[in-house]
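Next comes target-v6.cif, with mmCIF, C-alpha atoms; chains and numbers go by the auth columns.
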data_model
#
loop_
_atom_site.group_PDB
_atom_site.id
_atom_site.type_symbol
_atom_site.label_atom_id
_atom_site.label_comp_id
_atom_site.label_asym_id
_atom_site.label_seq_id
_atom_site.Cartn_x
_atom_site.Cartn_y
_atom_site.Cartn_z
_atom_site.B_iso_or_equiv
_atom_site.auth_seq_id
_atom_site.auth_asym_id
ATOM 1 C CA MET A 1 103.084 182.784 175.065 0.00 1 A
ATOM 2 C CA SER A 2 104.428 183.315 178.549 0.00 2 A
ATOM 3 C CA VAL A 3 107.976 184.418 179.105 0.00 3 A
ATOM 4 C CA GLY A 4 110.392 183.766 181.962 0.00 4 A
ATOM 5 C CA LEU A 5 111.290 186.915 183.863 0.00 5 A
ATOM 6 C CA TYR A 6 114.783 187.182 185.300 0.00 6 A
ATOM 7 C CA ALA A 7 114.916 190.191 187.641 0.00 7 A
ATOM 8 C CA ASP A 8 115.510 187.928 190.662 0.00 8 A
ATOM 9 C CA TYR A 9 118.190 185.922 188.863 0.00 9 A
ATOM 10 C CA VAL A 10 120.016 189.039 187.666 0.00 10 A
ATOM 11 C CA THR A 11 119.909 190.531 191.171 0.00 11 A
ATOM 12 C CA ASP A 12 121.830 187.489 192.441 0.00 12 A
ATOM 13 C CA LEU A 13 124.134 187.563 189.401 0.00 13 A
ATOM 14 C CA ARG A 14 124.848 191.244 190.018 0.00 14 A
ATOM 15 C CA ALA A 15 125.891 190.515 193.609 0.00 15 A
ATOM 16 C CA LEU A 16 128.163 187.660 192.480 0.00 16 A
ATOM 17 C CA PHE A 17 129.676 189.774 189.693 0.00 17 A
ATOM 18 C CA SER A 18 130.349 192.576 192.182 0.00 18 A
ATOM 19 C CA GLU A 19 131.966 190.131 194.592 0.00 19 A
ATOM 20 C CA LEU A 20 134.205 188.774 191.825 0.00 20 A
ATOM 21 C CA ASP A 21 135.202 192.286 190.762 0.00 21 A
ATOM 22 C CA ARG A 22 135.977 193.517 194.279 0.00 22 A
ATOM 23 C CA HIS A 23 137.222 190.332 195.966 0.00 23 A
ATOM 24 C CA PRO A 24 138.628 187.902 193.382 0.00 24 A
ATOM 25 C CA ASP A 25 140.732 186.340 196.144 0.00 25 A
ATOM 26 C CA LEU A 26 137.541 184.656 197.478 0.00 26 A
ATOM 27 C CA PHE A 27 137.437 182.520 194.323 0.00 27 A
ATOM 28 C CA GLN A 28 139.614 179.492 193.693 0.00 28 A
ATOM 29 C CA SER A 29 138.965 179.675 189.970 0.00 29 A
ATOM 30 C CA PHE A 30 136.770 181.707 187.641 0.00 30 A
ATOM 31 C CA ASP A 31 136.165 182.374 183.983 0.00 31 A
ATOM 32 C CA ALA A 32 133.857 185.326 183.347 0.00 32 A
ATOM 33 C CA ARG A 33 133.094 186.989 180.044 0.00 33 A
ATOM 34 C CA LEU A 34 130.319 189.566 179.953 0.00 34 A
ATOM 35 C CA GLU A 35 129.545 191.395 176.717 0.00 35 A
ATOM 36 C CA LEU A 36 127.143 194.330 176.922 0.00 36 A
ATOM 37 C CA ALA A 37 125.695 195.712 173.698 0.00 37 A
ATOM 38 C CA ALA A 38 123.961 199.041 174.334 0.00 38 A
ATOM 39 C CA ALA A 39 123.332 202.225 172.330 0.00 39 A
ATOM 40 C CA GLY A 40 125.246 200.812 169.370 0.00 40 A
ATOM 41 C CA GLY A 41 128.391 200.236 171.416 0.00 41 A
ATOM 42 C CA LEU A 42 129.944 197.243 173.110 0.00 42 A
ATOM 43 C CA VAL A 43 131.587 196.813 176.515 0.00 43 A
ATOM 44 C CA VAL A 44 133.454 193.614 177.380 0.00 44 A
ATOM 45 C CA TYR A 45 134.559 192.483 180.826 0.00 45 A
ATOM 46 C CA GLU A 46 136.692 189.351 180.664 0.00 46 A
ATOM 47 C CA THR A 47 138.690 187.792 183.469 0.00 47 A
ATOM 48 C CA LYS A 48 139.963 184.301 184.119 0.00 48 A
ATOM 49 C CA ARG A 49 141.864 182.592 186.928 0.00 49 A
ATOM 50 C CA ARG A 50 143.367 179.148 186.558 0.00 50 A
ATOM 51 C CA LYS A 51 146.104 177.617 188.703 0.00 51 A
ATOM 52 C CA GLY A 52 146.582 180.879 190.594 0.00 52 A
ATOM 53 C CA GLN A 53 147.171 182.972 187.463 0.00 53 A
ATOM 54 C CA THR A 54 144.684 185.704 186.531 0.00 54 A
ATOM 55 C CA ASP A 55 144.318 187.153 183.035 0.00 55 A
ATOM 56 C CA SER A 56 141.931 190.013 182.349 0.00 56 A
ATOM 57 C CA LEU A 57 140.833 192.116 179.407 0.00 57 A
ATOM 58 C CA TYR A 58 138.442 195.067 179.426 0.00 58 A
ATOM 59 C CA TYR A 59 137.510 196.889 176.246 0.00 59 A
ATOM 60 C CA GLY A 60 134.801 198.834 174.543 0.00 60 A
ATOM 61 C CA ARG A 61 133.719 199.653 171.019 0.00 61 A
ATOM 62 C CA SER A 62 131.972 202.964 170.461 0.00 62 A
ATOM 63 C CA ALA A 63 129.131 203.312 168.008 0.00 63 A
ATOM 64 C CA ALA A 64 130.821 206.399 166.520 0.00 64 A
ATOM 65 C CA THR A 65 134.188 204.885 165.582 0.00 65 A
ATOM 66 C CA GLY A 66 133.526 201.150 165.555 0.00 66 A
ATOM 67 C CA ALA A 67 137.053 200.571 166.832 0.00 67 A
ATOM 68 C CA ASN A 68 137.873 198.504 169.904 0.00 68 A
ATOM 69 C CA GLN A 69 139.635 200.396 172.654 0.00 69 A
ATOM 70 C CA GLN A 70 140.984 199.141 175.950 0.00 70 A
ATOM 71 C CA ILE A 71 139.125 200.600 178.943 0.00 71 A
ATOM 72 C CA SER A 72 139.632 200.352 182.672 0.00 72 A
ATOM 73 C CA GLN A 73 138.271 197.537 184.775 0.00 73 A
ATOM 74 C CA ALA A 74 136.212 200.104 186.691 0.00 74 A
ATOM 75 C CA ALA A 75 134.619 201.516 183.522 0.00 75 A
ATOM 76 C CA SER A 76 133.774 198.067 182.197 0.00 76 A
ATOM 77 C CA PHE A 77 132.352 196.981 185.554 0.00 77 A
ATOM 78 C CA ALA A 78 130.296 200.180 185.915 0.00 78 A
ATOM 79 C CA ALA A 79 128.662 199.790 182.493 0.00 79 A
ATOM 80 C CA ILE A 80 127.633 196.195 183.154 0.00 80 A
ATOM 81 C CA ASP A 81 126.556 196.983 186.713 0.00 81 A
ATOM 82 C CA ARG A 82 124.230 199.728 185.358 0.00 82 A
ATOM 83 C CA PHE A 83 122.713 197.153 183.015 0.00 83 A
ATOM 84 C CA PHE A 84 122.154 194.772 185.941 0.00 84 A
ATOM 85 C CA ALA A 85 120.358 197.602 187.786 0.00 85 A
ATOM 86 C CA LEU A 86 117.517 197.705 185.224 0.00 86 A
ATOM 87 C CA GLY A 87 114.049 196.683 186.404 0.00 87 A
ATOM 88 C CA GLN A 88 113.352 193.492 184.435 0.00 88 A
ATOM 89 C CA PHE A 89 115.095 191.010 182.164 0.00 89 A
ATOM 90 C CA ILE A 90 114.166 188.336 179.663 0.00 90 A
ATOM 91 C CA ALA A 91 116.553 185.708 178.332 0.00 91 A
ATOM 92 C CA LEU A 92 117.189 184.154 174.947 0.00 92 A
ATOM 93 C CA THR A 93 116.990 180.381 174.478 0.00 93 A
ATOM 94 C CA GLY A 94 119.726 180.206 171.856 0.00 94 A
ATOM 95 C CA THR A 95 117.270 178.640 169.420 0.00 95 A
ATOM 96 C CA GLY A 96 114.442 179.908 167.254 0.00 96 A
ATOM 97 C CA THR A 97 113.897 181.242 163.794 0.00 97 A
ATOM 98 C CA GLN A 98 114.075 185.008 164.209 0.00 98 A
ATOM 99 C CA THR A 99 115.936 186.257 161.150 0.00 99 A
ATOM 100 C CA ARG A 100 116.191 189.950 161.930 0.00 100 A
ATOM 101 C CA PRO A 101 118.639 191.249 164.537 0.00 101 A
ATOM 102 C CA LEU A 102 117.426 191.997 168.038 0.00 102 A
ATOM 103 C CA ASP A 103 116.193 195.527 168.689 0.00 103 A
ATOM 104 C CA GLY A 104 119.231 197.731 169.287 0.00 104 A
ATOM 105 C CA GLN A 105 117.180 200.157 171.386 0.00 105 A
ATOM 106 C CA TYR A 106 117.301 197.629 174.220 0.00 106 A
ATOM 107 C CA PRO A 107 120.562 196.671 175.900 0.00 107 A
ATOM 108 C CA HIS A 108 121.637 193.023 175.696 0.00 108 A
ATOM 109 C CA CYS A 109 124.233 191.290 177.816 0.00 109 A
ATOM 110 C CA ALA A 110 125.789 187.904 177.059 0.00 110 A
ATOM 111 C CA VAL A 111 127.049 186.305 180.268 0.00 111 A
ATOM 112 C CA ASN A 112 129.367 183.305 180.272 0.00 112 A
ATOM 113 C CA PHE A 113 130.352 182.766 183.897 0.00 113 A
ATOM 114 C CA SER A 114 132.018 179.793 185.587 0.00 114 A
ATOM 115 C CA TYR A 115 133.483 179.858 189.061 0.00 115 A
ATOM 116 C CA ARG A 116 134.444 177.911 192.135 0.00 116 A
ATOM 117 C CA LYS A 117 134.716 179.713 195.417 0.00 117 A
ATOM 118 C CA LYS A 118 137.359 178.669 197.885 0.00 118 A
ATOM 119 C CA GLY A 119 136.039 175.839 200.028 0.00 119 A
ATOM 120 C CA GLN A 120 133.177 174.923 197.692 0.00 120 A
ATOM 121 C CA PRO A 121 133.024 171.277 196.634 0.00 121 A
ATOM 122 C CA LYS A 122 132.244 171.986 192.967 0.00 122 A
ATOM 123 C CA ALA A 123 132.256 174.648 190.299 0.00 123 A
ATOM 124 C CA ARG A 124 129.149 176.365 188.906 0.00 124 A
ATOM 125 C CA SER A 125 128.589 177.696 185.418 0.00 125 A
ATOM 126 C CA MET A 126 125.984 179.524 183.369 0.00 126 A
ATOM 127 C CA LEU A 127 125.639 180.877 179.855 0.00 127 A
ATOM 128 C CA MET A 128 122.769 183.257 179.124 0.00 128 A
ATOM 129 C CA VAL A 129 121.914 186.301 177.024 0.00 129 A
ATOM 130 C CA PHE A 130 119.695 188.811 178.820 0.00 130 A
ATOM 131 C CA ILE A 131 117.711 191.703 177.386 0.00 131 A
ATOM 132 C CA GLY A 132 117.321 194.566 179.861 0.00 132 A
ATOM 133 C CA LEU A 133 113.979 196.343 180.167 0.00 133 A
ATOM 134 C CA ASN A 134 112.401 198.869 182.513 0.00 134 A
ATOM 135 C CA ASP A 135 109.708 196.639 184.009 0.00 135 A
ATOM 136 C CA GLU A 136 107.490 193.606 183.448 0.00 136 A
ATOM 137 C CA ALA A 137 105.118 195.515 181.146 0.00 137 A
ATOM 138 C CA ASP A 138 108.038 196.447 178.863 0.00 138 A
ATOM 139 C CA ALA A 139 109.244 192.839 178.872 0.00 139 A
ATOM 140 C CA LEU A 140 105.842 191.490 177.858 0.00 140 A
ATOM 141 C CA ALA A 141 105.475 194.143 175.146 0.00 141 A
ATOM 142 C CA TYR A 142 108.945 193.341 173.787 0.00 142 A
ATOM 143 C CA VAL A 143 108.092 189.636 173.515 0.00 143 A
ATOM 144 C CA ALA A 144 104.697 190.380 171.941 0.00 144 A
ATOM 145 C CA ALA A 145 106.352 192.535 169.255 0.00 145 A
ATOM 146 C CA SER A 146 108.833 189.789 168.331 0.00 146 A
ATOM 147 C CA GLU A 147 108.251 187.784 165.167 0.00 147 A
ATOM 148 C CA ASP A 148 109.288 184.556 166.951 0.00 148 A
ATOM 149 C CA ALA A 149 108.516 184.294 170.661 0.00 149 A
ATOM 150 C CA SER A 150 110.216 180.873 170.819 0.00 150 A
ATOM 151 C CA ILE A 151 113.591 182.632 171.041 0.00 151 A
ATOM 152 C CA PHE A 152 112.743 183.721 174.608 0.00 152 A
ATOM 153 C CA VAL A 153 112.984 181.500 177.671 0.00 153 A
ATOM 154 C CA ALA A 154 109.466 180.583 178.784 0.00 154 A
ATOM 155 C CA GLU A 155 110.153 178.157 181.645 0.00 155 A
ATOM 156 C CA ARG A 156 112.733 178.483 184.345 0.00 156 A
ATOM 157 C CA PRO A 157 115.209 177.095 185.111 0.00 157 A
ATOM 158 C CA HIS A 158 116.332 176.994 181.500 0.00 158 A
ATOM 159 C CA ARG A 159 118.611 174.212 180.295 0.00 159 A
ATOM 160 C CA GLY A 160 119.450 174.171 176.608 0.00 160 A
ATOM 161 C CA GLU A 161 122.399 173.346 174.412 0.00 161 A
ATOM 162 C CA ARG A 162 123.389 176.965 173.849 0.00 162 A
ATOM 163 C CA ALA A 163 122.033 178.637 176.965 0.00 163 A
ATOM 164 C CA TYR A 164 121.624 177.396 180.527 0.00 164 A
ATOM 165 C CA GLU A 165 121.152 178.699 184.039 0.00 165 A
ATOM 166 C CA TRP A 166 123.510 177.769 186.868 0.00 166 A
ATOM 167 C CA THR A 167 124.572 174.136 186.872 0.00 167 A
#
Represent the structure of the file as structure tokens.
Amino acid sequence: MSVGLYADYVTDLRALFSELDRHPDLFQSFDARLELAAAGGLVVYETKRRKGQTDSLYYGRSAATGANQQISQAASFAAIDRFFALGQFIALTGTGTQTRPLDGQYPHCAVNFSYRKKGQPKARSMLMVFIGLNDEADALAYVAASEDASIFVAERPHRGERAYEWT
């Protein structure tokens, strides 16, 4: 089975995420929640602007303690930005029959991102879960080792009930 590769998509997403983090004033509205699971821990970057009011929450959960702890915006951004700097990505469809959890040796990032830049006629949104890998060979090997390859996006752009690229 072929698999959709997302390095190009994540490169653009990384630039948009960076722009939101550094220049939120360029956006009329946004709702971004990124959850990075890596090395047994979790980092969450959540920010939302509606009607001129911005609410944000940044926290992490270490593998050692299992307790959530508030972290700085910079620390949360840096962790997710490092994930986006990996060499290749595959995405989950949100469907399939895989019963075992995904391999914790590979970082995963759930991205739920909606925004409207100032001056744009409409808002855009996406909801995807990406698995970060070193390169295309690693991505293909990861899919081949899976017990159900139907959980991975094969054709792009992906539009499903639980996961979809920019609309």
If the PyMOL selection byres ((chain A and resi 136) around 12) were run on this exact file, what residues would it hold? Put them as a list in words.
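For this structure, the PyMOL selection byres ((chain A and resi 136) around 12) resolves to Ser2, Val3, Gly4, Leu5, Tyr6, Ala7, Leu86, Gly87, Gln88, Phe89, Ile90, Gly132, Leu133, Asn134, Asp135, Ala137, Asp138, Ala139, Leu140, Ala141, Tyr142 and Val143 of chain A.
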Which residues are close to range 109-125 of chain A, i.e. within 10 Å by only C-alpha atoms, leaving aside same-chain residues fewer than 4 positions away? Reply as a ChimeraX atom specification.
/A:13,17,20,24-38,42-49,80,83-84,91-92,129-132,163-167
I'd like the interatomic distance between CA of Asp103 in chain A and CA of Ala149 in chain A, to a tenth of an Å.
13.7 Å
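The space between CA of Ile151 in chain A and CA of Gly94 in chain A spans 6.6 Å.
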Please compute the CA of Gln73 in chain A-CA of Leu16 in chain A distance, one decimal, in Å.
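Computed distance, CA of Gln73 in chain A to CA of Leu16 in chain A, equals 16.1 Å.
Nearest to Glu155 in chain A of all the residues A:Ala15, A:His108, A:Thr93, A:Asp81 is A:Thr93, counting all atoms listed in the file.
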If the box runs along x, y and z of the file and leaves 6 Å on each side of range 137-150 of chain A, what are its centre and edge lengths in Å, one decimal, as AutoDock Vina command-line options?
--center_x 107.5 --center_y 188.7 --center_z 173.2 --size_x 17.5 --size_y 27.6 --size_z 28.0
Considering all atoms listed in the file, state which residue in the set A:Gly40, A:Ala145, A:Met126, A:Ala67 is at the smallest distance from Gln105 in chain A.
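Of all the options, A:Gly40 lies closest to Gln105 in chain A.
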Around the point (140.5, 198.7, 178.2), in the coordinates given by the file, pick out the residues reaching within 6 Å, counting all atoms listed in the file, and return them as a ChimeraX atom specification.
/A:58-59,69-72
Could you write range 95-126 of chain A as a PDB file, keeping the file's coordinate frame, with N, CA and C atoms rebuilt where they are missing?
ATOM      1  N   THR A  95     117.897 179.313 170.557  1.00  0.00           N
ATOM      2  CA  THR A  95     117.270 178.640 169.420  1.00  0.00           C
ATOM      3  C   THR A  95     116.185 179.546 168.871  1.00  0.00           C
ATOM      4  N   GLY A  96     115.534 179.124 167.823  1.00  0.00           N
ATOM      5  CA  GLY A  96     114.442 179.908 167.254  1.00  0.00           C
ATOM      6  C   GLY A  96     114.730 180.286 165.822  1.00  0.00           C
ATOM      7  N   THR A  97     113.781 180.945 165.226  1.00  0.00           N
ATOM      8  CA  THR A  97     113.897 181.242 163.794  1.00  0.00           C
ATOM      9  C   THR A  97     113.918 182.727 163.484  1.00  0.00           C
ATOM     10  N   GLN A  98     114.076 183.567 164.479  1.00  0.00           N
ATOM     11  CA  GLN A  98     114.075 185.008 164.209  1.00  0.00           C
ATOM     12  C   GLN A  98     115.226 185.332 163.268  1.00  0.00           C
ATOM     13  N   THR A  99     114.909 185.971 162.148  1.00  0.00           N
ATOM     14  CA  THR A  99     115.936 186.257 161.150  1.00  0.00           C
ATOM     15  C   THR A  99     116.464 187.681 161.242  1.00  0.00           C
ATOM     16  N   ARG A 100     115.698 188.581 161.824  1.00  0.00           N
ATOM     17  CA  ARG A 100     116.191 189.950 161.930  1.00  0.00           C
ATOM     18  C   ARG A 100     116.954 190.104 163.245  1.00  0.00           C
ATOM     19  N   PRO A 101     117.886 191.051 163.300  1.00  0.00           N
ATOM     20  CA  PRO A 101     118.639 191.249 164.537  1.00  0.00           C
ATOM     21  C   PRO A 101     117.723 191.729 165.671  1.00  0.00           C
ATOM     22  N   LEU A 102     118.185 191.522 166.884  1.00  0.00           N
ATOM     23  CA  LEU A 102     117.426 191.997 168.038  1.00  0.00           C
ATOM     24  C   LEU A 102     117.405 193.519 168.041  1.00  0.00           C
ATOM     25  N   ASP A 103     116.401 194.085 168.664  1.00  0.00           N
ATOM     26  CA  ASP A 103     116.193 195.527 168.689  1.00  0.00           C
ATOM     27  C   ASP A 103     117.339 196.219 169.427  1.00  0.00           C
ATOM     28  N   GLY A 104     118.088 197.037 168.718  1.00  0.00           N
ATOM     29  CA  GLY A 104     119.231 197.731 169.287  1.00  0.00           C
ATOM     30  C   GLY A 104     118.878 198.822 170.278  1.00  0.00           C
ATOM     31  N   GLN A 105     117.591 199.152 170.403  1.00  0.00           N
ATOM     32  CA  GLN A 105     117.180 200.157 171.386  1.00  0.00           C
ATOM     33  C   GLN A 105     117.205 199.590 172.800  1.00  0.00           C
ATOM     34  N   TYR A 106     117.291 198.274 172.909  1.00  0.00           N
ATOM     35  CA  TYR A 106     117.301 197.629 174.220  1.00  0.00           C
ATOM     36  C   TYR A 106     118.671 197.016 174.455  1.00  0.00           C
ATOM     37  N   PRO A 107     119.242 197.241 175.626  1.00  0.00           N
ATOM     38  CA  PRO A 107     120.562 196.671 175.900  1.00  0.00           C
ATOM     39  C   PRO A 107     120.480 195.150 176.077  1.00  0.00           C
ATOM     40  N   HIS A 108     121.516 194.477 175.601  1.00  0.00           N
ATOM     41  CA  HIS A 108     121.637 193.023 175.696  1.00  0.00           C
ATOM     42  C   HIS A 108     122.970 192.711 176.359  1.00  0.00           C
ATOM     43  N   CYS A 109     122.981 191.677 177.180  1.00  0.00           N
ATOM     44  CA  CYS A 109     124.233 191.290 177.816  1.00  0.00           C
ATOM     45  C   CYS A 109     124.383 189.771 177.754  1.00  0.00           C
ATOM     46  N   ALA A 110     125.448 189.326 177.096  1.00  0.00           N
ATOM     47  CA  ALA A 110     125.789 187.904 177.059  1.00  0.00           C
ATOM     48  C   ALA A 110     126.690 187.631 178.260  1.00  0.00           C
ATOM     49  N   VAL A 111     126.306 186.622 179.053  1.00  0.00           N
ATOM     50  CA  VAL A 111     127.049 186.305 180.268  1.00  0.00           C
ATOM     51  C   VAL A 111     127.487 184.849 180.212  1.00  0.00           C
ATOM     52  N   ASN A 112     128.782 184.638 180.199  1.00  0.00           N
ATOM     53  CA  ASN A 112     129.367 183.305 180.272  1.00  0.00           C
ATOM     54  C   ASN A 112     130.215 183.307 181.540  1.00  0.00           C
ATOM     55  N   PHE A 113     129.757 182.625 182.575  1.00  0.00           N
ATOM     56  CA  PHE A 113     130.352 182.766 183.897  1.00  0.00           C
ATOM     57  C   PHE A 113     130.494 181.386 184.533  1.00  0.00           C
ATOM     58  N   SER A 114     131.720 181.021 184.856  1.00  0.00           N
ATOM     59  CA  SER A 114     132.018 179.793 185.587  1.00  0.00           C
ATOM     60  C   SER A 114     132.895 180.176 186.765  1.00  0.00           C
ATOM     61  N   TYR A 115     132.658 179.545 187.896  1.00  0.00           N
ATOM     62  CA  TYR A 115     133.483 179.858 189.061  1.00  0.00           C
ATOM     63  C   TYR A 115     133.435 178.733 190.088  1.00  0.00           C
ATOM     64  N   ARG A 116     134.422 178.763 190.952  1.00  0.00           N
ATOM     65  CA  ARG A 116     134.444 177.911 192.135  1.00  0.00           C
ATOM     66  C   ARG A 116     135.030 178.744 193.251  1.00  0.00           C
ATOM     67  N   LYS A 117     134.226 178.965 194.268  1.00  0.00           N
ATOM     68  CA  LYS A 117     134.716 179.713 195.417  1.00  0.00           C
ATOM     69  C   LYS A 117     135.607 178.811 196.261  1.00  0.00           C
ATOM     70  N   LYS A 118     136.497 179.424 196.989  1.00  0.00           N
ATOM     71  CA  LYS A 118     137.359 178.669 197.885  1.00  0.00           C
ATOM     72  C   LYS A 118     136.492 177.932 198.899  1.00  0.00           C
ATOM     73  N   GLY A 119     136.778 176.655 199.071  1.00  0.00           N
ATOM     74  CA  GLY A 119     136.039 175.839 200.028  1.00  0.00           C
ATOM     75  C   GLY A 119     134.778 175.194 199.476  1.00  0.00           C
ATOM     76  N   GLN A 120     134.364 175.556 198.278  1.00  0.00           N
ATOM     77  CA  GLN A 120     133.177 174.923 197.692  1.00  0.00           C
ATOM     78  C   GLN A 120     133.570 173.589 197.061  1.00  0.00           C
ATOM     79  N   PRO A 121     132.682 172.598 197.159  1.00  0.00           N
ATOM     80  CA  PRO A 121     133.024 171.277 196.634  1.00  0.00           C
ATOM     81  C   PRO A 121     133.026 171.181 195.105  1.00  0.00           C
ATOM     82  N   LYS A 122     132.277 172.075 194.429  1.00  0.00           N
ATOM     83  CA  LYS A 122     132.244 171.986 192.967  1.00  0.00           C
ATOM     84  C   LYS A 122     132.088 173.363 192.344  1.00  0.00           C
ATOM     85  N   ALA A 123     132.374 173.406 191.062  1.00  0.00           N
ATOM     86  CA  ALA A 123     132.256 174.648 190.299  1.00  0.00           C
ATOM     87  C   ALA A 123     130.822 174.808 189.800  1.00  0.00           C
ATOM     88  N   ARG A 124     130.454 176.051 189.494  1.00  0.00           N
ATOM     89  CA  ARG A 124     129.149 176.365 188.906  1.00  0.00           C
ATOM     90  C   ARG A 124     129.395 177.118 187.607  1.00  0.00           C
ATOM     91  N   SER A 125     128.451 176.968 186.671  1.00  0.00           N
ATOM     92  CA  SER A 125     128.589 177.696 185.418  1.00  0.00           C
ATOM     93  C   SER A 125     127.220 178.041 184.857  1.00  0.00           C
ATOM     94  N   MET A 126     127.207 179.099 184.060  1.00  0.00           N
ATOM     95  CA  MET A 126     125.984 179.524 183.369  1.00  0.00           C
ATOM     96  C   MET A 126     126.380 180.234 182.092  1.00  0.00           C
TER      97      MET A 126
END
